[in-house]
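Q: I have a structure here, written as structure tokens, and I will follow up with some questions on it.
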2 protein chains.
Amino acid sequence: MCRVDHMAHIDIKAQDALTAVQLEVLNSMWRRCAGRVILSTTLAGSGHPGGSLSSLHILLVLYSVMSHRSDEPLWAARDRLIVSMGHISPAVYGVLAEFGYISEEQFLTEFRRAGSSCAGHVEQGVRGVEWNTGNLGQGLSVGTGARLAQELSGSPGKTIVLMGDGEQGKGQIAEARRFAFKYKQAGLIAIVDRNHLQIGGATEDVMPVRVREEYAAAGWNVIYVPDGNDFQAVFKALRRAWLHEDLDPARPSVLVARTVMGKGVSFMENKAKYHGATLSSDDAKKALAEIGCDPGLVDEWAKRRAARKISSCRGSEPGRNGGACWPRIDIGGPVVYTGSADCRSAYGAALKDLAALNNLPGATPKVIGFSCDLESSVKMGGFRAVSASAFFEAGIQEHHAAACAGALSHEGFCVFFSTFGVFAVAETYNQHRLNDLNGTHLKVVATHLGLDVGEDGPTHQSIDYIGLLSNLFGFSIFMPADANQTDRIIRYVAAHPGNVFVGMGRSKLPQVTDMSGALFFGKDYVFEPGKADWLRSGGKATFMTYGSMVPQVMRAADILAGEGLSMCVVNMASIKPIDRDAIIKAAGIGPIITVEDHIPQTGLGSIVARVLTEEGVGGQRLVTLGVSRYGSSGSPEELYKMQEIDAAGIAGKARAVFD
Amino acid sequence: MCRVDHMAHIDIKAQDALTAVQLEVLNSMWRRCAGRVILSTTLAGSGHPGGSLSSLHILLVLYSVMSHRSDEPLWAARDRLIVSMGHISPAVYGVLAEFGYISEEQFLTEFRRAGSSCAGHVEQGVRGVEWNTGNLGQGLSVGTGARLAQELSGSPGKTIVLMGDGEQGKGQIAEARRFAFKYKQAGLIAIVDRNHLQIGGATEDVMPVRVREEYAAAGWNVIYVPDGNDFQAVFKALRRAWLHEDLDPARPSVLVARTVMGKGVSFMENKAKYHGATLSSDDAKKALAEIGCDPGLVDEWAKRRAARKISSCRGSEPGRNGGACWPRIDIGGPVVYTGSADCRSAYGAALKDLAALNNLPGATPKVIGFSCDLESSVKMGGFRAVSASAFFEAGIQEHHAAACAGALSHEGFCVFFSTFGVFAVAETYNQHRLNDLNGTHLKVVATHLGLDVGEDGPTHQSIDYIGLLSNLFGFSIFMPADANQTDRIIRYVAAHPGNVFVGMGRSKLPQVTDMSGALFFGKDYVFEPGKADWLRSGGKATFMTYGSMVPQVMRAADILAGEGLSMCVVNMASIKPIDRDAIIKAAGIGPIITVEDHIPQTGLGSIVARVLTEEGVGGQRLVTLGVSRYGSSGSPEELYKMQEIDAAGIAGKARAVFD
């Protein structure tokens with residue numbers, strides 16, 4: 001069981017069929033790996049043995065033909081494999097053990113134990129895993145992103161995405177198919193493990209998906225593999241796709257491989273319950289005997305597992321296994337704005353600068369742009385004009401776009417993903433969550449936030465982005481107050497790895513000035529995460545605000561100053577991390593009034609409340625102003641007035657604090 | 001312009017073509033409605049005239065043939081029309097004015113003005129609008145839900161969904177297509193306005209979608225309409241779908257209607273910019289002249305608009321226009337649990353009871369269940385066994401399922417939508433947001449919340465559901481502490497309208513008892529939103545917790561009691577609304593320690609911090625315990641220990657408060 005045969009790489013280009021010797025090697029590998037599927041799940045008492053056995057032949061052929069290095073998992077020229085149905089981890093880990101990425105000992109003694117990297121769904125903590133999956137339907141998008149990285153960098157490799165058939169229902173897969181077709185990703189090969197079973201039973205009963213018809217309708221080359229548990233059949237079909245034999249050479253290809261859930265264990269075959277049910281110790285012994293392994297391994301490994309201590313007791317950390325280094329980005333010099341300007345135009349100009357400085361003719365571009373049919377509104381036109389090949393238009397397919405862009409960022413590209421706030425965050429939250437778990441570096445720049453959207457009404461008004469993104473541990477949240485601060489923040493985030501959200505409204509804003517009338521975010525200003533900007537000082541109380549509300553608050557402060565109430569105004573451009581010291585300082589001055597074009601219960605108001613109580617200065621009066629009900633369709637100024645967060649409304653609420 | 005012709009309803013079954021008189025009537029209606037499209041957008045200075053003119057012929061044919069009553073918009077036997085691309089509001093409102101639902105005066109003087117119901121994207125505030133749209137790609141799902149309502153109640157009507165072609169890229173449409181095919185929704189007719197343009201330009205450039213091939217691949221009847229701006233062609237195609245002439249009678253049908261954006265105004269036709277650009281006053285006059293309207297209307301209506309005051313100055317409220325009455329639900333008697341039990345089994349048992357009591361043979365069922373391939377895990381099997389025809393299995397297609405279930409709830413059914421937390425909330429947040437804007441009554445019951453998910457790992461661990469749903473004004477959030485409280489809460493929510501989230505973990509929990517050892521949520525317990533449960537009293541400090549953490553906190557309290565530290569334990573089963581008095585009372589006792597299997601920054605910890613500061617009792621010490629980083633794959637007890645929210649960890653943190 002523990003011995004690993006000498007592995008001869010199979011050259012898929014050089015031979016049109018597997019040799020008898022190669023088949024024998026594959027069969028012996030299969031026996032060991034199938035044994036590991038049974039052992040790992042039985043020992044853990046949970047996991048997914050059925051689908052693992054269903055996919056095992058495919059995985060073994062893939063690792064035999066792909067270019068990859070177990071001693072250098074991040075080898076740039078490797079073929080990528082994204083396993084979309086992360087629950088087949090027992091098969092994936094077993095094969096990775098077979099090919100020398102991890103030890104069988106680690107897998108069998110640690111699988112599904114707290115703190116181990118051998119997690120229930122595949123995670124990058126295991127060497128050789130490219131992408132953490134678990135939530136279904138995102139893998140093909142991730143594959144298109146990995147494929148873009150190969151194409152942009154001229155890598156010789158291919159990208160392969162292995163998917164289940166249950167997940168073919170997910171709409172995001174339809175989106176990814178179209179993207180791959182549009183961008184002629186001929187080097188992308190999808191494989192659907194078509195065992196016709198999902199958790200709830202037969203796929204035809206739970207939700208019929210006409211898999212082959214759908215891929216064909218989307219313009220893909222479709223290859224049907226009548227027996228996906230036959231090494232030779234899988235190899236020959238894969239070779240057709242690999243070489244584009246008799247297929248359209250400009251199109252991506254899919255293998256739809258008819259397989260058997262639980263393949264190789266008579267009493268597990270074609271039983272949906274084994275999607276997520278494990279064998280008892282006795283049944284596992286019977287299964288091992290059928291597979292051709294020693295049934296005694298069950299007891300032997302149970303003992304070794306009991307004796308094993310997990311060394312690193314940690315939570316899952318965003319994976320970095322498949323990730324490349326962050327590129328060196330030339331951020332250029334600041335653009336200084338003096339008149340009124342919209343932040344999104346400043347974003348567009350900075351992005352265009354970044355393209356000109358970093359995407360040089362003949363070289364791999366470093367800065368990438370993704371839009372979802374809103375290129376003009378999010379001001380990516382300049383970027384596109386300078387660097388057309390680094391711009392990707394994903395259409396009205398935000399779920400796909402967010403996952404694809406995230407995957408590309410993980411490959412060492414500085415990727416900007418831009419659309420309106422409701423699509424950039426509310427619609428795609430779960431894609432960003434999976435990106436974050438994967439340690440991506442996506443720059444989500446959302447425009448059209450808040451009631452500032454105006455006449456397009458409540459469906460388009462993003463008033464929850466802080467509340468949502470605060471749940472993602474890896475995300476920073478920055479909200480510039482004017483065009484100058486936007487310019488500096490965009491350049492800052494381009495130069496730094498990690499996931500970040502930069503948000504802005506739709507309208508033009510005046511440039512923020514200091515008491516002397518000079519630009520607050522002038523040419524010498526340097527953006528610093530976690531640092532608040534004290535725009536105005538005062539003795540009575542402090543306004544804390546950000547983004548589109550800054551001009552309203554400044555006007556409110558002017559109104560109150562005229563009445564003898566001198567207020568501090570603090571711009572919290574860095575929402576996450578937050579400037580705790582600024583909040584403590586403000587609490588030392590007097591009441592704090594937060595003002596935002598966002599729901600205060602989940603926005604800055606909530607954050608300030610939490611810091612005050614955590615820091616033991618919660619006795620200070622806190623008033624949280626913001627969006628208190630769904631917005632309407634009208635001009636931003638009218639909408640602010642309706643919700644009493646226009647200058648007059650803010651001044652009125654502040655005045656009431658002192659009544 | 002203002003005169004409305006006498007409208008003769010056209011009987012689509014009785015005639016196979018429009019008569020010359022009918023065509024003349026339609027043409028004169030078109031002139032008025034096209035004029036309103038131009039006038040409304042020019043006067044508002046924003047809006048979407050191009051797509052409105054593209055769809056106008058289709059809308060006029062629909063309203064001529066549909067069964068509907070302008071004096072009784074909610075007439076139960078009506079045909080439903082869902083307009084998925086809500087931005088064509090100028091056409092929709094114009095046609096509704098033509099058919100007597102609203103006044104032309106209201107539309108032209110209020111369109112896109114704050115506080116008016118004539119919002120930028122169609123909203124139910126306008127009589128005759130069935131569903132608020134704006135975010136693309138959800139309309140077909142909503143249509144399948146409306147269609148289910150017709151089928152379940154035996155309504156004679158059909159459901160028609162009008163969509164744009166740009167939105168055909170959205171994956172959710174692929175999901176909805178499959179659902180409609182699976183459930184043989186022959187009475188559902190989709191119409192795609194195929195003008196081949198979207199915001200970014202030609203659909204083939206932005207994102208090619210092979211619309212007809214995709215619907216055909218999904219098993220739909222596909223009818224191509226070569227000229228979708230020709231009344232006769234639209235009528236004849238619609239008749240084919242309506243009568244299933246020469247079409248598979250068990251399948252839904254789609255009309256793909258080739259149209260021209262900006263149709264009828266020479267200088268607007270086939271120009272993508274008119275998706276979202278309006279005409280100047282001068283150009284509007286030229287356009288009106290071309291259409292056959294008096295150009296003087298521009299100035300005349302501008303004056304009337306300037307003089308108009310919006311009477312109801314309000315934000316958009318969740319719409320109730322298309323909604324039916326909440327059914328009377330017999331909630332039966334409580335089931336009392338004594339031993340350890342999982343909340344999801346108690347949910348399943350209560351749901352089965354509700355089915356038996358309310359879904360009577362031969363009658364329209366009142367209680368409906370939706371699952372996404374997790375029927376067994378979410379314990380809906382009993383419900384399905386009792387009431388198979390009221391159970392809908394949507395497959396791994398959560399976006400569709402959430403929108404479809406929401407739409408059905410809006411039609412007066414008590415709909416339970418159940419899946420794991422990550423799919424029930426994180427994946428489908430934006431569907432719930434749109435549901436909430438539409439005033440739905442969906443009962444989202446999520447299982448497998450928190451680290452309690454265990455070995456399936458971080459992709460499956462929902463630790464953000466409060467943080468997300470707190471952004472939706474219409475949602476309540478309830479978190480039962482044991483099987484008994486689950487039973488009462490499920491029965492409570494079945495009897496009450498409104499959107500609600502009920503959440504639970506995976507594991508079995510002991511039944512909560514009072515100091516005497518009696519069941520805390522015994523047979524006389526009545527659940528009350530906004531009321532906390534004081535499980536234990538004490539003098540030193542207060543634990544506030546909910547759900548799966550209750551047993552851990554109770555054990556921690558026992559540990560501390562043994563050390564002489566007497567702690568209150570308060571169960572906050574009602575997270576939203578929150579019991580503010582309980583928090584104030586706790587602050588009067590001593591420090592507060594919140595404990596949750598959730599991120600405290602966005603969960604109960606955050607809510608308590610906010611209440612303390614808002615109520616001016618924020619000086620009290622607050623410690624917020626919970627999930628502070630992404631979880632791992634392991635047993636819940638191990639995972640709790642790693643994040644120091646097991647009983648020992650909680651006791652340790654509490655002890656430190658007094659050090």
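Labels used: A, B, ... for chains in the order of the structure tokens, numbers from 1 for residues in each chain, and numbers from 1 for ligands as shown.
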Pick out the chain B residues within 6 Å of chain A. Count only C-alpha atoms. Give them as a PyMOL selection string.
A: chain B and resi 112-114+119-120+134+169-172+174-175+200+206-207+213-214+217+315-316+373+395-397+426-427+430+455-457+459+464+468+471+609-610+613+618-619+622+630-634
Q: Per DSSP on the backbone, what are the strand (DSSP E or B) residues of region 54-286 of chain A, as number ranges by chain?
A: A: 80-83, 159-164, 188-194, 197-198, 201-202, 221-225, 253-258
Q: Let me see the file: selected residues, N, CA and C atoms, as a compact mmCIF listing (two decimals), in the first residue's frame.
A:
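Final file, again-v8.txt:
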# COMPACT_ATOMS: atom_id res chain seq x y z
N ARG A 80 -2.46 23.31 -15.24
CA ARG A 80 -3.27 23.52 -14.03
C ARG A 80 -4.45 22.55 -14.00
N LEU A 81 -4.73 22.06 -12.81
CA LEU A 81 -5.96 21.28 -12.64
C LEU A 81 -6.79 21.91 -11.52
N ILE A 82 -7.98 22.33 -11.87
CA ILE A 82 -8.92 22.84 -10.88
C ILE A 82 -9.96 21.75 -10.64
N VAL A 83 -10.08 21.32 -9.40
CA VAL A 83 -11.10 20.31 -9.07
C VAL A 83 -12.29 21.06 -8.48
N THR A 159 -5.08 24.25 -19.05
CA THR A 159 -5.85 24.26 -17.82
C THR A 159 -6.98 23.25 -17.95
N ILE A 160 -7.09 22.41 -16.93
CA ILE A 160 -8.13 21.39 -16.93
C ILE A 160 -9.03 21.63 -15.72
N VAL A 161 -10.32 21.54 -15.94
CA VAL A 161 -11.28 21.71 -14.85
C VAL A 161 -12.11 20.44 -14.74
N LEU A 162 -12.03 19.82 -13.60
CA LEU A 162 -12.83 18.61 -13.35
C LEU A 162 -14.06 19.01 -12.54
N MET A 163 -15.21 18.63 -13.06
CA MET A 163 -16.47 19.01 -12.40
C MET A 163 -17.36 17.80 -12.17
N GLY A 164 -18.28 17.94 -11.21
CA GLY A 164 -19.30 16.93 -11.03
C GLY A 164 -20.47 17.19 -11.97
N LEU A 188 -8.30 25.28 -22.76
CA LEU A 188 -9.09 24.94 -21.58
C LEU A 188 -9.86 23.65 -21.87
N ILE A 189 -9.70 22.68 -20.99
CA ILE A 189 -10.42 21.41 -21.14
C ILE A 189 -11.24 21.18 -19.89
N ALA A 190 -12.54 21.05 -20.07
CA ALA A 190 -13.40 20.73 -18.95
C ALA A 190 -13.73 19.24 -19.00
N ILE A 191 -13.84 18.65 -17.83
CA ILE A 191 -14.25 17.24 -17.76
C ILE A 191 -15.41 17.15 -16.78
N VAL A 192 -16.51 16.59 -17.23
CA VAL A 192 -17.66 16.40 -16.35
C VAL A 192 -17.74 14.92 -15.96
N ASP A 193 -17.63 14.69 -14.67
CA ASP A 193 -17.78 13.33 -14.14
C ASP A 193 -19.28 13.03 -14.09
N ARG A 194 -19.73 12.32 -15.12
CA ARG A 194 -21.18 12.16 -15.31
C ARG A 194 -21.62 10.82 -14.74
N LEU A 197 -25.65 10.78 -10.56
CA LEU A 197 -26.19 10.78 -9.19
C LEU A 197 -25.75 12.04 -8.47
N GLN A 198 -26.62 12.56 -7.63
CA GLN A 198 -26.23 13.63 -6.72
C GLN A 198 -26.82 13.30 -5.36
N GLY A 201 -30.32 11.87 -5.17
CA GLY A 201 -30.68 10.73 -6.00
C GLY A 201 -30.23 10.92 -7.44
N ALA A 202 -31.00 10.39 -8.37
CA ALA A 202 -30.64 10.48 -9.79
C ALA A 202 -30.70 11.92 -10.26
N ASN A 221 -16.51 22.34 -28.11
CA ASN A 221 -16.31 20.99 -28.62
C ASN A 221 -16.74 20.02 -27.53
N VAL A 222 -17.58 19.08 -27.88
CA VAL A 222 -18.10 18.14 -26.89
C VAL A 222 -17.66 16.72 -27.25
N ILE A 223 -17.02 16.08 -26.30
CA ILE A 223 -16.56 14.70 -26.50
C ILE A 223 -17.23 13.82 -25.44
N TYR A 224 -17.95 12.84 -25.89
CA TYR A 224 -18.59 11.94 -24.94
C TYR A 224 -17.69 10.73 -24.69
N VAL A 225 -17.52 10.40 -23.43
CA VAL A 225 -16.70 9.25 -23.06
C VAL A 225 -17.66 8.22 -22.45
N SER A 253 -12.92 22.72 -25.06
CA SER A 253 -13.50 21.38 -25.20
C SER A 253 -13.96 20.85 -23.86
N VAL A 254 -14.98 20.02 -23.91
CA VAL A 254 -15.44 19.35 -22.70
C VAL A 254 -15.52 17.85 -22.96
N LEU A 255 -15.05 17.09 -21.98
CA LEU A 255 -15.27 15.65 -21.98
C LEU A 255 -16.42 15.36 -21.03
N VAL A 256 -17.45 14.75 -21.54
CA VAL A 256 -18.53 14.30 -20.66
C VAL A 256 -18.33 12.80 -20.49
N ALA A 257 -17.85 12.45 -19.31
CA ALA A 257 -17.40 11.07 -19.07
C ALA A 257 -18.43 10.32 -18.23
N ARG A 258 -19.07 9.33 -18.82
CA ARG A 258 -20.04 8.51 -18.08
C ARG A 258 -19.28 7.64 -17.10
Q: Could you pull out all residues of region 16-45 of chain A with a DSSP call of helix (DSSP H, G or I) and give them as a count of residues only?
A: 25
Q: At a cut-off of 8 Å, using only C-alpha atoms, what residues contact region 226-229 of chain B? Leave out same-chain residues fewer than 4 positions from it and give the result as a VMD selection string.
A: chain B and resid 54 to 58 193 233 to 234 257 to 260 263
Q: Do a neighbour search on Phe413 (chain A) at 10 Å with only C-alpha atoms, toss out local chain neighbours closer than 2 positions, and write the hits as an MDAnalysis selection string.
A: chainID A and resid 149 152 324:329 364:368 405:411 415:416 441:442 494 497
Q: Any idea what's packed within 8 Å of Arg239 (chain A), counting only C-alpha atoms, ignoring anything in its chain fewer than 3 positions away? Could you give it as a PDB file with all heavy atoms, in the first residue's frame?
A:
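Result went into around31.pdb, see below:
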ATOM      1  N   ILE A  12       1.258  12.603 -23.891  1.00  0.00           N
ATOM      2  CA  ILE A  12      -0.031  12.483 -24.579  1.00  0.00           C
ATOM      3  C   ILE A  12       0.052  12.871 -26.054  1.00  0.00           C
ATOM      4  O   ILE A  12      -0.792  12.482 -26.859  1.00  0.00           O
ATOM      5  CB  ILE A  12      -1.112  13.309 -23.834  1.00  0.00           C
ATOM      6  CG1 ILE A  12      -2.526  12.865 -24.239  1.00  0.00           C
ATOM      7  CG2 ILE A  12      -0.896  14.793 -24.064  1.00  0.00           C
ATOM      8  CD1 ILE A  12      -3.619  13.395 -23.361  1.00  0.00           C
ATOM      9  N   LYS A  13       1.073  13.635 -26.384  1.00  0.00           N
ATOM     10  CA  LYS A  13       1.214  14.017 -27.788  1.00  0.00           C
ATOM     11  C   LYS A  13       1.856  12.893 -28.602  1.00  0.00           C
ATOM     12  O   LYS A  13       1.569  12.728 -29.786  1.00  0.00           O
ATOM     13  CB  LYS A  13       2.088  15.274 -27.913  1.00  0.00           C
ATOM     14  CG  LYS A  13       1.439  16.508 -27.308  1.00  0.00           C
ATOM     15  CD  LYS A  13       2.368  17.709 -27.442  1.00  0.00           C
ATOM     16  CE  LYS A  13       1.885  18.858 -26.595  1.00  0.00           C
ATOM     17  NZ  LYS A  13       2.948  19.827 -26.309  1.00  0.00           N
ATOM     18  N   ASP A  16      -0.827   7.470 -29.215  1.00  0.00           N
ATOM     19  CA  ASP A  16      -2.264   7.626 -29.376  1.00  0.00           C
ATOM     20  C   ASP A  16      -3.079   6.657 -28.524  1.00  0.00           C
ATOM     21  O   ASP A  16      -4.303   6.654 -28.571  1.00  0.00           O
ATOM     22  CB  ASP A  16      -2.671   7.543 -30.850  1.00  0.00           C
ATOM     23  CG  ASP A  16      -2.286   6.225 -31.465  1.00  0.00           C
ATOM     24  OD1 ASP A  16      -1.825   5.330 -30.724  1.00  0.00           O
ATOM     25  OD2 ASP A  16      -2.431   6.081 -32.690  1.00  0.00           O
ATOM     26  N   PHE A 235      -8.075   8.359 -21.676  1.00  0.00           N
ATOM     27  CA  PHE A 235      -6.853   8.861 -22.310  1.00  0.00           C
ATOM     28  C   PHE A 235      -7.127   9.305 -23.745  1.00  0.00           C
ATOM     29  O   PHE A 235      -6.713  10.388 -24.170  1.00  0.00           O
ATOM     30  CB  PHE A 235      -5.764   7.776 -22.292  1.00  0.00           C
ATOM     31  CG  PHE A 235      -4.512   8.186 -23.014  1.00  0.00           C
ATOM     32  CD1 PHE A 235      -3.551   8.971 -22.390  1.00  0.00           C
ATOM     33  CD2 PHE A 235      -4.299   7.815 -24.338  1.00  0.00           C
ATOM     34  CE1 PHE A 235      -2.396   9.369 -23.066  1.00  0.00           C
ATOM     35  CE2 PHE A 235      -3.151   8.208 -25.022  1.00  0.00           C
ATOM     36  CZ  PHE A 235      -2.211   8.984 -24.384  1.00  0.00           C
ATOM     37  N   LYS A 236      -7.813   8.456 -24.498  1.00  0.00           N
ATOM     38  CA  LYS A 236      -8.035   8.775 -25.916  1.00  0.00           C
ATOM     39  C   LYS A 236      -8.908  10.024 -26.081  1.00  0.00           C
ATOM     40  O   LYS A 236      -8.661  10.866 -26.947  1.00  0.00           O
ATOM     41  CB  LYS A 236      -8.672   7.575 -26.629  1.00  0.00           C
ATOM     42  CG  LYS A 236      -7.676   6.425 -26.821  1.00  0.00           C
ATOM     43  CD  LYS A 236      -8.284   5.284 -27.621  1.00  0.00           C
ATOM     44  CE  LYS A 236      -7.221   4.213 -27.903  1.00  0.00           C
ATOM     45  NZ  LYS A 236      -7.783   3.073 -28.652  1.00  0.00           N
ATOM     46  N   TRP A 242      -6.863  17.513 -26.157  1.00  0.00           N
ATOM     47  CA  TRP A 242      -5.521  18.099 -25.964  1.00  0.00           C
ATOM     48  C   TRP A 242      -4.957  18.568 -27.304  1.00  0.00           C
ATOM     49  O   TRP A 242      -4.417  19.668 -27.411  1.00  0.00           O
ATOM     50  CB  TRP A 242      -4.607  17.033 -25.356  1.00  0.00           C
ATOM     51  CG  TRP A 242      -3.453  17.576 -24.579  1.00  0.00           C
ATOM     52  CD1 TRP A 242      -2.279  18.070 -25.090  1.00  0.00           C
ATOM     53  CD2 TRP A 242      -3.331  17.667 -23.156  1.00  0.00           C
ATOM     54  NE1 TRP A 242      -1.443  18.456 -24.080  1.00  0.00           N
ATOM     55  CE2 TRP A 242      -2.063  18.219 -22.870  1.00  0.00           C
ATOM     56  CE3 TRP A 242      -4.173  17.324 -22.094  1.00  0.00           C
ATOM     57  CZ2 TRP A 242      -1.612  18.430 -21.572  1.00  0.00           C
ATOM     58  CZ3 TRP A 242      -3.720  17.545 -20.805  1.00  0.00           C
ATOM     59  CH2 TRP A 242      -2.464  18.090 -20.551  1.00  0.00           C
ATOM     60  N   LEU A 243      -5.095  17.730 -28.304  1.00  0.00           N
ATOM     61  CA  LEU A 243      -4.499  18.030 -29.610  1.00  0.00           C
ATOM     62  C   LEU A 243      -5.498  18.695 -30.557  1.00  0.00           C
ATOM     63  O   LEU A 243      -5.151  19.058 -31.672  1.00  0.00           O
ATOM     64  CB  LEU A 243      -3.977  16.739 -30.258  1.00  0.00           C
ATOM     65  CG  LEU A 243      -2.956  15.937 -29.433  1.00  0.00           C
ATOM     66  CD1 LEU A 243      -2.501  14.708 -30.201  1.00  0.00           C
ATOM     67  CD2 LEU A 243      -1.755  16.812 -29.068  1.00  0.00           C
ATOM     68  N   HIS A 244      -6.744  18.805 -30.107  1.00  0.00           N
ATOM     69  CA  HIS A 244      -7.792  19.318 -30.985  1.00  0.00           C
ATOM     70  C   HIS A 244      -7.884  18.510 -32.265  1.00  0.00           C
ATOM     71  O   HIS A 244      -8.164  19.046 -33.340  1.00  0.00           O
ATOM     72  CB  HIS A 244      -7.602  20.807 -31.287  1.00  0.00           C
ATOM     73  CG  HIS A 244      -8.149  21.676 -30.210  1.00  0.00           C
ATOM     74  ND1 HIS A 244      -7.429  22.046 -29.100  1.00  0.00           N
ATOM     75  CD2 HIS A 244      -9.376  22.239 -30.049  1.00  0.00           C
ATOM     76  CE1 HIS A 244      -8.174  22.786 -28.313  1.00  0.00           C
ATOM     77  NE2 HIS A 244      -9.363  22.928 -28.859  1.00  0.00           N
ATOM     78  N   GLU A 245      -7.634  17.227 -32.142  1.00  0.00           N
ATOM     79  CA  GLU A 245      -7.848  16.327 -33.281  1.00  0.00           C
ATOM     80  C   GLU A 245      -9.301  16.474 -33.730  1.00  0.00           C
ATOM     81  O   GLU A 245     -10.215  16.348 -32.923  1.00  0.00           O
ATOM     82  CB  GLU A 245      -7.668  14.873 -32.825  1.00  0.00           C
ATOM     83  CG  GLU A 245      -6.245  14.397 -32.785  1.00  0.00           C
ATOM     84  CD  GLU A 245      -6.198  12.921 -32.349  1.00  0.00           C
ATOM     85  OE1 GLU A 245      -7.257  12.361 -32.003  1.00  0.00           O
ATOM     86  OE2 GLU A 245      -5.097  12.366 -32.349  1.00  0.00           O
TER      87      GLU A 245
END
Q: Calculate how many Å separate CA of Phe478 (chain A) from CA of Tyr525 (chain A), rounding to one decimal.
A: 15.6 Å
Q: Could you list, as an NGL selection string, every residue within 10 Å of region 63-78 of chain A, counting only C-alpha atoms and ignoring same-chain residues fewer than 6 positions away?
A: :A and (7-13 or 22 or 26 or 95-102 or 127-130 or 150 or 153-160 or 235 or 238-239 or 321-324 or 411)
Q: CA of Ala651 (chain A) and CA of Asp597 (chain A) are how many Å apart?
A: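 If I compute the distance from CA of Ala651 (chain A) to CA of Asp597 (chain A), I get 15.6 Å.
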Q: Do you know which residues are at most 12 Å from Arg384 (chain B) counting only C-alpha atoms, after dropping those on the same chain fewer than 3 positions away, and could you put them as number ranges by chain?
A: B: 348-349, 351-356, 359, 367-371, 375-376, 378-381, 387-393
